[in-house]
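For reference, structure_20.cif (mmCIF, N, CA and C atoms; chains and numbers go by the auth columns):
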```
data_query
#
loop_
_atom_site.group_PDB
_atom_site.id
_atom_site.type_symbol
_atom_site.label_atom_id
_atom_site.label_comp_id
_atom_site.label_asym_id
_atom_site.label_seq_id
_atom_site.Cartn_x
_atom_site.Cartn_y
_atom_site.Cartn_z
_atom_site.B_iso_or_equiv
_atom_site.auth_seq_id
_atom_site.auth_asym_id
ATOM 1 N N MET A 1 -141.635 131.654 -139.448 0.00 1169 O
ATOM 2 C CA MET A 1 -141.612 132.199 -138.102 0.00 1169 O
ATOM 3 C C MET A 1 -143.048 132.149 -137.563 0.00 1169 O
ATOM 4 N N SER A 2 -143.189 131.633 -136.356 0.00 1170 O
ATOM 5 C CA SER A 2 -144.521 131.520 -135.758 0.00 1170 O
ATOM 6 C C SER A 2 -145.021 132.883 -135.295 0.00 1170 O
ATOM 7 N N ALA A 3 -146.295 132.938 -134.975 0.00 1171 O
ATOM 8 C CA ALA A 3 -146.906 134.192 -134.517 0.00 1171 O
ATOM 9 C C ALA A 3 -146.265 134.674 -133.218 0.00 1171 O
ATOM 10 N N ILE A 4 -145.932 133.753 -132.339 0.00 1172 O
ATOM 11 C CA ILE A 4 -145.306 134.131 -131.058 0.00 1172 O
ATOM 12 C C ILE A 4 -143.905 134.674 -131.302 0.00 1172 O
ATOM 13 N N GLN A 5 -143.166 134.048 -132.186 0.00 1173 O
ATOM 14 C CA GLN A 5 -141.819 134.529 -132.496 0.00 1173 O
ATOM 15 C C GLN A 5 -141.870 135.916 -133.130 0.00 1173 O
ATOM 16 N N LYS A 6 -142.833 136.151 -134.016 0.00 1174 O
ATOM 17 C CA LYS A 6 -142.989 137.470 -134.627 0.00 1174 O
ATOM 18 C C LYS A 6 -143.340 138.516 -133.574 0.00 1174 O
ATOM 19 N N PHE A 7 -144.229 138.140 -132.651 0.00 1175 O
ATOM 20 C CA PHE A 7 -144.630 139.057 -131.588 0.00 1175 O
ATOM 21 C C PHE A 7 -143.431 139.447 -130.729 0.00 1175 O
ATOM 22 N N ILE A 8 -142.656 138.459 -130.293 0.00 1176 O
ATOM 23 C CA ILE A 8 -141.483 138.733 -129.455 0.00 1176 O
ATOM 24 C C ILE A 8 -140.473 139.573 -130.220 0.00 1176 O
ATOM 25 N N HIS A 9 -140.250 139.245 -131.480 0.00 1177 O
ATOM 26 C CA HIS A 9 -139.310 140.022 -132.305 0.00 1177 O
ATOM 27 C C HIS A 9 -139.763 141.479 -132.414 0.00 1177 O
ATOM 28 N N ASN A 10 -141.041 141.700 -132.667 0.00 1178 O
ATOM 29 C CA ASN A 10 -141.560 143.061 -132.785 0.00 1178 O
ATOM 30 C C ASN A 10 -141.464 143.824 -131.467 0.00 1178 O
ATOM 31 N N GLU A 11 -141.724 143.158 -130.350 0.00 1179 O
ATOM 32 C CA GLU A 11 -141.662 143.817 -129.049 0.00 1179 O
ATOM 33 C C GLU A 11 -140.234 144.183 -128.657 0.00 1179 O
ATOM 34 N N LEU A 12 -139.271 143.376 -129.049 0.00 1180 O
ATOM 35 C CA LEU A 12 -137.888 143.611 -128.636 0.00 1180 O
ATOM 36 C C LEU A 12 -137.084 144.399 -129.663 0.00 1180 O
ATOM 37 N N THR A 13 -137.698 144.792 -130.757 0.00 1181 O
ATOM 38 C CA THR A 13 -137.008 145.602 -131.762 0.00 1181 O
ATOM 39 C C THR A 13 -136.654 146.956 -131.155 0.00 1181 O
ATOM 40 N N GLY A 14 -135.403 147.357 -131.315 0.00 1182 O
ATOM 41 C CA GLY A 14 -134.945 148.634 -130.789 0.00 1182 O
ATOM 42 C C GLY A 14 -134.393 148.556 -129.375 0.00 1182 O
ATOM 43 N N TRP A 15 -134.373 147.384 -128.782 0.00 1183 O
ATOM 44 C CA TRP A 15 -133.836 147.215 -127.437 0.00 1183 O
ATOM 45 C C TRP A 15 -132.341 146.945 -127.522 0.00 1183 O
ATOM 46 N N LYS A 16 -131.614 147.389 -126.535 0.00 1184 O
ATOM 47 C CA LYS A 16 -130.195 147.043 -126.420 0.00 1184 O
ATOM 48 C C LYS A 16 -130.097 145.649 -125.801 0.00 1184 O
ATOM 49 N N SER A 17 -128.972 144.999 -126.010 0.00 1185 O
ATOM 50 C CA SER A 17 -128.829 143.630 -125.509 0.00 1185 O
ATOM 51 C C SER A 17 -128.921 143.562 -123.988 0.00 1185 O
ATOM 52 N N TRP A 18 -128.433 144.581 -123.283 0.00 1186 O
ATOM 53 C CA TRP A 18 -128.502 144.548 -121.823 0.00 1186 O
ATOM 54 C C TRP A 18 -129.945 144.715 -121.347 0.00 1186 O
ATOM 55 N N GLU A 19 -130.772 145.393 -122.126 0.00 1187 O
ATOM 56 C CA GLU A 19 -132.180 145.545 -121.747 0.00 1187 O
ATOM 57 C C GLU A 19 -132.935 144.224 -121.898 0.00 1187 O
ATOM 58 N N VAL A 20 -132.617 143.478 -122.937 0.00 1188 O
ATOM 59 C CA VAL A 20 -133.211 142.154 -123.117 0.00 1188 O
ATOM 60 C C VAL A 20 -132.739 141.238 -121.989 0.00 1188 O
ATOM 61 N N PHE A 21 -131.455 141.324 -121.650 0.00 1189 O
ATOM 62 C CA PHE A 21 -130.925 140.530 -120.539 0.00 1189 O
ATOM 63 C C PHE A 21 -131.631 140.902 -119.233 0.00 1189 O
ATOM 64 N N TRP A 22 -131.833 142.192 -118.997 0.00 1190 O
ATOM 65 C CA TRP A 22 -132.497 142.650 -117.779 0.00 1190 O
ATOM 66 C C TRP A 22 -133.914 142.090 -117.695 0.00 1190 O
ATOM 67 N N LEU A 23 -134.647 142.115 -118.795 0.00 1191 O
ATOM 68 C CA LEU A 23 -136.004 141.577 -118.825 0.00 1191 O
ATOM 69 C C LEU A 23 -135.991 140.086 -118.508 0.00 1191 O
ATOM 70 N N ALA A 24 -135.110 139.341 -119.159 0.00 1192 O
ATOM 71 C CA ALA A 24 -135.025 137.897 -118.924 0.00 1192 O
ATOM 72 C C ALA A 24 -134.580 137.596 -117.492 0.00 1192 O
ATOM 73 N N ALA A 25 -133.597 138.341 -116.994 0.00 1193 O
ATOM 74 C CA ALA A 25 -133.101 138.109 -115.639 0.00 1193 O
ATOM 75 C C ALA A 25 -134.164 138.431 -114.593 0.00 1193 O
ATOM 76 N N ALA A 26 -134.869 139.534 -114.765 0.00 1194 O
ATOM 77 C CA ALA A 26 -135.908 139.918 -113.811 0.00 1194 O
ATOM 78 C C ALA A 26 -137.019 138.871 -113.767 0.00 1194 O
ATOM 79 N N CYS A 27 -137.419 138.378 -114.936 0.00 1195 O
ATOM 80 C CA CYS A 27 -138.461 137.346 -114.985 0.00 1195 O
ATOM 81 C C CYS A 27 -137.974 136.034 -114.367 0.00 1195 O
ATOM 82 N N ALA A 28 -136.709 135.680 -114.639 0.00 1196 O
ATOM 83 C CA ALA A 28 -136.160 134.445 -114.081 0.00 1196 O
ATOM 84 C C ALA A 28 -136.049 134.523 -112.563 0.00 1196 O
ATOM 85 N N VAL A 29 -135.614 135.661 -112.051 0.00 1197 O
ATOM 86 C CA VAL A 29 -135.473 135.818 -110.598 0.00 1197 O
ATOM 87 C C VAL A 29 -136.833 135.731 -109.918 0.00 1197 O
ATOM 88 N N ILE A 30 -137.838 136.432 -110.429 0.00 1198 O
ATOM 89 C CA ILE A 30 -139.138 136.408 -109.771 0.00 1198 O
ATOM 90 C C ILE A 30 -139.780 135.029 -109.897 0.00 1198 O
ATOM 91 N N ALA A 31 -139.593 134.354 -111.024 0.00 1199 O
ATOM 92 C CA ALA A 31 -140.124 132.997 -111.166 0.00 1199 O
ATOM 93 C C ALA A 31 -139.424 132.049 -110.189 0.00 1199 O
ATOM 94 N N GLY A 32 -138.101 132.182 -110.076 0.00 1200 O
ATOM 95 C CA GLY A 32 -137.355 131.338 -109.140 0.00 1200 O
ATOM 96 C C GLY A 32 -137.764 131.571 -107.702 0.00 1200 O
ATOM 97 N N LEU A 33 -137.931 132.832 -107.328 0.00 1201 O
ATOM 98 C CA LEU A 33 -138.367 133.129 -105.957 0.00 1201 O
ATOM 99 C C LEU A 33 -139.775 132.623 -105.693 0.00 1201 O
ATOM 100 N N SER A 34 -140.635 132.731 -106.682 0.00 1202 O
ATOM 101 C CA SER A 34 -142.004 132.240 -106.516 0.00 1202 O
ATOM 102 C C SER A 34 -142.027 130.737 -106.297 0.00 1202 O
ATOM 103 N N VAL A 35 -141.210 130.015 -107.040 0.00 1203 O
ATOM 104 C CA VAL A 35 -141.117 128.560 -106.850 0.00 1203 O
ATOM 105 C C VAL A 35 -140.541 128.260 -105.477 0.00 1203 O
ATOM 106 N N TYR A 36 -139.492 128.968 -105.101 0.00 1204 O
ATOM 107 C CA TYR A 36 -138.849 128.755 -103.798 0.00 1204 O
ATOM 108 C C TYR A 36 -139.819 128.986 -102.646 0.00 1204 O
ATOM 109 N N TRP A 37 -140.663 130.030 -102.774 0.00 1205 O
ATOM 110 C CA TRP A 37 -141.624 130.347 -101.727 0.00 1205 O
ATOM 111 C C TRP A 37 -142.865 129.467 -101.761 0.00 1205 O
ATOM 112 N N GLY A 38 -142.951 128.580 -102.740 0.00 1206 O
ATOM 113 C CA GLY A 38 -144.052 127.634 -102.806 0.00 1206 O
ATOM 114 C C GLY A 38 -145.356 128.214 -103.346 0.00 1206 O
ATOM 115 N N ASP A 39 -145.257 129.216 -104.204 0.00 1207 O
ATOM 116 C CA ASP A 39 -146.463 129.791 -104.805 0.00 1207 O
ATOM 117 C C ASP A 39 -147.145 128.780 -105.711 0.00 1207 O
ATOM 118 N N SER A 40 -148.418 129.030 -105.964 0.00 1208 O
ATOM 119 C CA SER A 40 -149.165 128.200 -106.911 0.00 1208 O
ATOM 120 C C SER A 40 -148.734 128.547 -108.326 0.00 1208 O
ATOM 121 N N LEU A 41 -149.171 127.733 -109.276 0.00 1209 O
ATOM 122 C CA LEU A 41 -148.846 128.009 -110.674 0.00 1209 O
ATOM 123 C C LEU A 41 -149.396 129.363 -111.087 0.00 1209 O
ATOM 124 N N MET A 42 -150.594 129.685 -110.639 0.00 1210 O
ATOM 125 C CA MET A 42 -151.186 130.981 -110.969 0.00 1210 O
ATOM 126 C C MET A 42 -150.355 132.121 -110.389 0.00 1210 O
ATOM 127 N N GLY A 43 -149.833 131.950 -109.188 0.00 1211 O
ATOM 128 C CA GLY A 43 -148.983 132.961 -108.573 0.00 1211 O
ATOM 129 C C GLY A 43 -147.688 133.165 -109.335 0.00 1211 O
ATOM 130 N N ILE A 44 -147.099 132.072 -109.794 0.00 1212 O
ATOM 131 C CA ILE A 44 -145.854 132.155 -110.558 0.00 1212 O
ATOM 132 C C ILE A 44 -146.087 132.872 -111.879 0.00 1212 O
ATOM 133 N N ILE A 45 -147.153 132.503 -112.568 0.00 1213 O
ATOM 134 C CA ILE A 45 -147.468 133.140 -113.847 0.00 1213 O
ATOM 135 C C ILE A 45 -147.781 134.619 -113.642 0.00 1213 O
ATOM 136 N N SER A 46 -148.566 134.923 -112.635 0.00 1214 O
ATOM 137 C CA SER A 46 -148.951 136.318 -112.378 0.00 1214 O
ATOM 138 C C SER A 46 -147.754 137.187 -112.026 0.00 1214 O
ATOM 139 N N SER A 47 -146.898 136.701 -111.162 0.00 1215 O
ATOM 140 C CA SER A 47 -145.744 137.509 -110.756 0.00 1215 O
ATOM 141 C C SER A 47 -144.764 137.692 -111.914 0.00 1215 O
ATOM 142 N N THR A 48 -144.560 136.659 -112.702 0.00 1216 O
ATOM 143 C CA THR A 48 -143.631 136.754 -113.829 0.00 1216 O
ATOM 144 C C THR A 48 -144.152 137.703 -114.904 0.00 1216 O
ATOM 145 N N THR A 49 -145.419 137.574 -115.249 0.00 1217 O
ATOM 146 C CA THR A 49 -145.980 138.486 -116.260 0.00 1217 O
ATOM 147 C C THR A 49 -146.083 139.903 -115.721 0.00 1217 O
ATOM 148 N N GLY A 50 -146.280 140.054 -114.426 0.00 1218 O
ATOM 149 C CA GLY A 50 -146.307 141.388 -113.825 0.00 1218 O
ATOM 150 C C GLY A 50 -144.963 142.082 -113.940 0.00 1218 O
ATOM 151 N N VAL A 51 -143.901 141.352 -113.674 0.00 1219 O
ATOM 152 C CA VAL A 51 -142.554 141.919 -113.807 0.00 1219 O
ATOM 153 C C VAL A 51 -142.276 142.271 -115.264 0.00 1219 O
ATOM 154 N N ALA A 52 -142.651 141.393 -116.184 0.00 1220 O
ATOM 155 C CA ALA A 52 -142.451 141.673 -117.610 0.00 1220 O
ATOM 156 C C ALA A 52 -143.224 142.922 -118.020 0.00 1220 O
ATOM 157 N N CYS A 53 -144.430 143.074 -117.501 0.00 1221 O
ATOM 158 C CA CYS A 53 -145.249 144.246 -117.815 0.00 1221 O
ATOM 159 C C CYS A 53 -144.588 145.525 -117.312 0.00 1221 O
ATOM 160 N N VAL A 54 -144.071 145.509 -116.103 0.00 1222 O
ATOM 161 C CA VAL A 54 -143.430 146.696 -115.536 0.00 1222 O
ATOM 162 C C VAL A 54 -142.184 147.077 -116.330 0.00 1222 O
ATOM 163 N N VAL A 55 -141.362 146.095 -116.669 0.00 1223 O
ATOM 164 C CA VAL A 55 -140.137 146.381 -117.417 0.00 1223 O
ATOM 165 C C VAL A 55 -140.478 146.908 -118.815 0.00 1223 O
ATOM 166 N N CYS A 56 -141.421 146.260 -119.491 0.00 1224 O
ATOM 167 C CA CYS A 56 -141.789 146.689 -120.848 0.00 1224 O
ATOM 168 C C CYS A 56 -142.474 148.057 -120.838 0.00 1224 O
ATOM 169 N N THR A 57 -143.299 148.318 -119.872 0.00 1225 O
ATOM 170 C CA THR A 57 -143.961 149.622 -119.780 0.00 1225 O
ATOM 171 C C THR A 57 -142.933 150.717 -119.484 0.00 1225 O
ATOM 172 N N GLY A 58 -141.965 150.418 -118.633 0.00 1226 O
ATOM 173 C CA GLY A 58 -140.896 151.371 -118.362 0.00 1226 O
ATOM 174 C C GLY A 58 -140.086 151.679 -119.613 0.00 1226 O
ATOM 175 N N LYS A 59 -139.986 150.716 -120.494 0.00 1227 O
ATOM 176 C CA LYS A 59 -139.270 150.892 -121.762 0.00 1227 O
ATOM 177 C C LYS A 59 -140.147 151.629 -122.781 0.00 1227 O
ATOM 178 N N GLY A 60 -141.433 151.731 -122.483 0.00 1228 O
ATOM 179 C CA GLY A 60 -142.348 152.391 -123.414 0.00 1228 O
ATOM 180 C C GLY A 60 -142.930 151.453 -124.436 0.00 1228 O
ATOM 181 N N LYS A 61 -142.888 150.162 -124.117 0.00 1229 O
ATOM 182 C CA LYS A 61 -143.421 149.132 -125.026 0.00 1229 O
ATOM 183 C C LYS A 61 -144.391 148.249 -124.277 0.00 1229 O
ATOM 184 N N PRO A 62 -145.573 148.768 -123.981 0.00 1230 O
ATOM 185 C CA PRO A 62 -146.539 147.899 -123.285 0.00 1230 O
ATOM 186 C C PRO A 62 -146.923 146.720 -124.151 0.00 1230 O
ATOM 187 N N LEU A 63 -146.939 145.537 -123.565 0.00 1231 O
ATOM 188 C CA LEU A 63 -147.267 144.330 -124.309 0.00 1231 O
ATOM 189 C C LEU A 63 -148.722 144.390 -124.749 0.00 1231 O
ATOM 190 N N ALA A 64 -148.952 144.177 -126.016 0.00 1232 O
ATOM 191 C CA ALA A 64 -150.314 144.191 -126.541 0.00 1232 O
ATOM 192 C C ALA A 64 -150.456 143.113 -127.603 0.00 1232 O
ATOM 193 N N TRP A 65 -151.428 142.298 -127.474 0.00 1233 O
ATOM 194 C CA TRP A 65 -151.690 141.252 -128.472 0.00 1233 O
ATOM 195 C C TRP A 65 -152.569 141.856 -129.485 0.00 1233 O
#
```

Take the structure in the file and give it back as structure tokens.
Amino acid sequence: MSAIQKFIHNELTGWKSWEVFWLAAACAVIAGLSVYWGDSLMGIISSTTGVACVVCTGKGKPLAW
């Protein structure tokens, strides 16, 4: 298992399946809207990671490397 896979596994441990779906759906929607609105690559990355940060922090699991 790679370091990234271990990190994702550790971050999502204890989550319900609908919470993982919500995180993936929220990130996909914001990424799709960013592309649709013609954002730059930096804008797409920033908005997607921002949404992931908000969802994970709300869950009590702030992303930390």

Note to self: as a VMD selection string, please: every residue in chain O that DSSP puts in alpha helix (DSSP H).
What the structure shows: chain O and resid 1171 to 1180 1185 to 1204 1209 to 1227

Check: In Å, with one decimal, what is the gap from CA of Gln1173 (chain O) to CA of Ser1214 (chain O)?
Finding: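 So the answer is 21.4 Å.
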
Note to self: Please report the interatomic distance between CA of Trp1205 (chain O) and CA of Ile1176 (chain O) in Å with one decimal.
What the structure shows: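 Going from CA of Trp1205 (chain O) over to CA of Ile1176 (chain O), I get 29.0 Å.
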
Padded axis-aligned box of region 1207-1226 of chain O (8 Å per side), centre and edge lengths, Å, one decimal, as JSON:
```
{"center_x": -145.6, "center_y": 139.7, "center_z": -112.5, "size_x": 27.1, "size_y": 39.9, "size_z": 32.6}
```

Note to self: Applying the PyMOL selection byres ((chain O and resi 1216) around 8) to the file I just gave you, which residues come out? Please list them as a list in words.
What the structure shows: Ala1194, Cys1195, Ala1196, Val1197, Ile1198, Ala1199, Met1210, Gly1211, Ile1212, Ile1213, Ser1214, Ser1215, Thr1217, Gly1218, Val1219, Ala1220, Cys1221 and Val1222 of chain O

Would you save the residues of that selection, restricted to N, CA and C atoms, as an mmCIF file, in the frame of the given file?
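Okay, this is what ended up in selection-v7.cif:
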```
data_model
loop_
_atom_site.group_PDB
_atom_site.id
_atom_site.type_symbol
_atom_site.label_atom_id
_atom_site.label_comp_id
_atom_site.auth_asym_id
_atom_site.auth_seq_id
_atom_site.Cartn_x
_atom_site.Cartn_y
_atom_site.Cartn_z
ATOM 1 N N ALA O 1194 -134.869 139.534 -114.765
ATOM 2 C CA ALA O 1194 -135.908 139.918 -113.811
ATOM 3 C C ALA O 1194 -137.019 138.871 -113.767
ATOM 4 N N CYS O 1195 -137.419 138.378 -114.936
ATOM 5 C CA CYS O 1195 -138.461 137.346 -114.985
ATOM 6 C C CYS O 1195 -137.974 136.034 -114.367
ATOM 7 N N ALA O 1196 -136.709 135.680 -114.639
ATOM 8 C CA ALA O 1196 -136.160 134.445 -114.081
ATOM 9 C C ALA O 1196 -136.049 134.523 -112.563
ATOM 10 N N VAL O 1197 -135.614 135.661 -112.051
ATOM 11 C CA VAL O 1197 -135.473 135.818 -110.598
ATOM 12 C C VAL O 1197 -136.833 135.731 -109.918
ATOM 13 N N ILE O 1198 -137.838 136.432 -110.429
ATOM 14 C CA ILE O 1198 -139.138 136.408 -109.771
ATOM 15 C C ILE O 1198 -139.780 135.029 -109.897
ATOM 16 N N ALA O 1199 -139.593 134.354 -111.024
ATOM 17 C CA ALA O 1199 -140.124 132.997 -111.166
ATOM 18 C C ALA O 1199 -139.424 132.049 -110.189
ATOM 19 N N MET O 1210 -150.594 129.685 -110.639
ATOM 20 C CA MET O 1210 -151.186 130.981 -110.969
ATOM 21 C C MET O 1210 -150.355 132.121 -110.389
ATOM 22 N N GLY O 1211 -149.833 131.950 -109.188
ATOM 23 C CA GLY O 1211 -148.983 132.961 -108.573
ATOM 24 C C GLY O 1211 -147.688 133.165 -109.335
ATOM 25 N N ILE O 1212 -147.099 132.072 -109.794
ATOM 26 C CA ILE O 1212 -145.854 132.155 -110.558
ATOM 27 C C ILE O 1212 -146.087 132.872 -111.879
ATOM 28 N N ILE O 1213 -147.153 132.503 -112.568
ATOM 29 C CA ILE O 1213 -147.468 133.140 -113.847
ATOM 30 C C ILE O 1213 -147.781 134.619 -113.642
ATOM 31 N N SER O 1214 -148.566 134.923 -112.635
ATOM 32 C CA SER O 1214 -148.951 136.318 -112.378
ATOM 33 C C SER O 1214 -147.754 137.187 -112.026
ATOM 34 N N SER O 1215 -146.898 136.701 -111.162
ATOM 35 C CA SER O 1215 -145.744 137.509 -110.756
ATOM 36 C C SER O 1215 -144.764 137.692 -111.914
ATOM 37 N N THR O 1217 -145.419 137.574 -115.249
ATOM 38 C CA THR O 1217 -145.980 138.486 -116.260
ATOM 39 C C THR O 1217 -146.083 139.903 -115.721
ATOM 40 N N GLY O 1218 -146.280 140.054 -114.426
ATOM 41 C CA GLY O 1218 -146.307 141.388 -113.825
ATOM 42 C C GLY O 1218 -144.963 142.082 -113.940
ATOM 43 N N VAL O 1219 -143.901 141.352 -113.674
ATOM 44 C CA VAL O 1219 -142.554 141.919 -113.807
ATOM 45 C C VAL O 1219 -142.276 142.271 -115.264
ATOM 46 N N ALA O 1220 -142.651 141.393 -116.184
ATOM 47 C CA ALA O 1220 -142.451 141.673 -117.610
ATOM 48 C C ALA O 1220 -143.224 142.922 -118.020
ATOM 49 N N CYS O 1221 -144.430 143.074 -117.501
ATOM 50 C CA CYS O 1221 -145.249 144.246 -117.815
ATOM 51 C C CYS O 1221 -144.588 145.525 -117.312
ATOM 52 N N VAL O 1222 -144.071 145.509 -116.103
ATOM 53 C CA VAL O 1222 -143.430 146.696 -115.536
ATOM 54 C C VAL O 1222 -142.184 147.077 -116.330
#
```
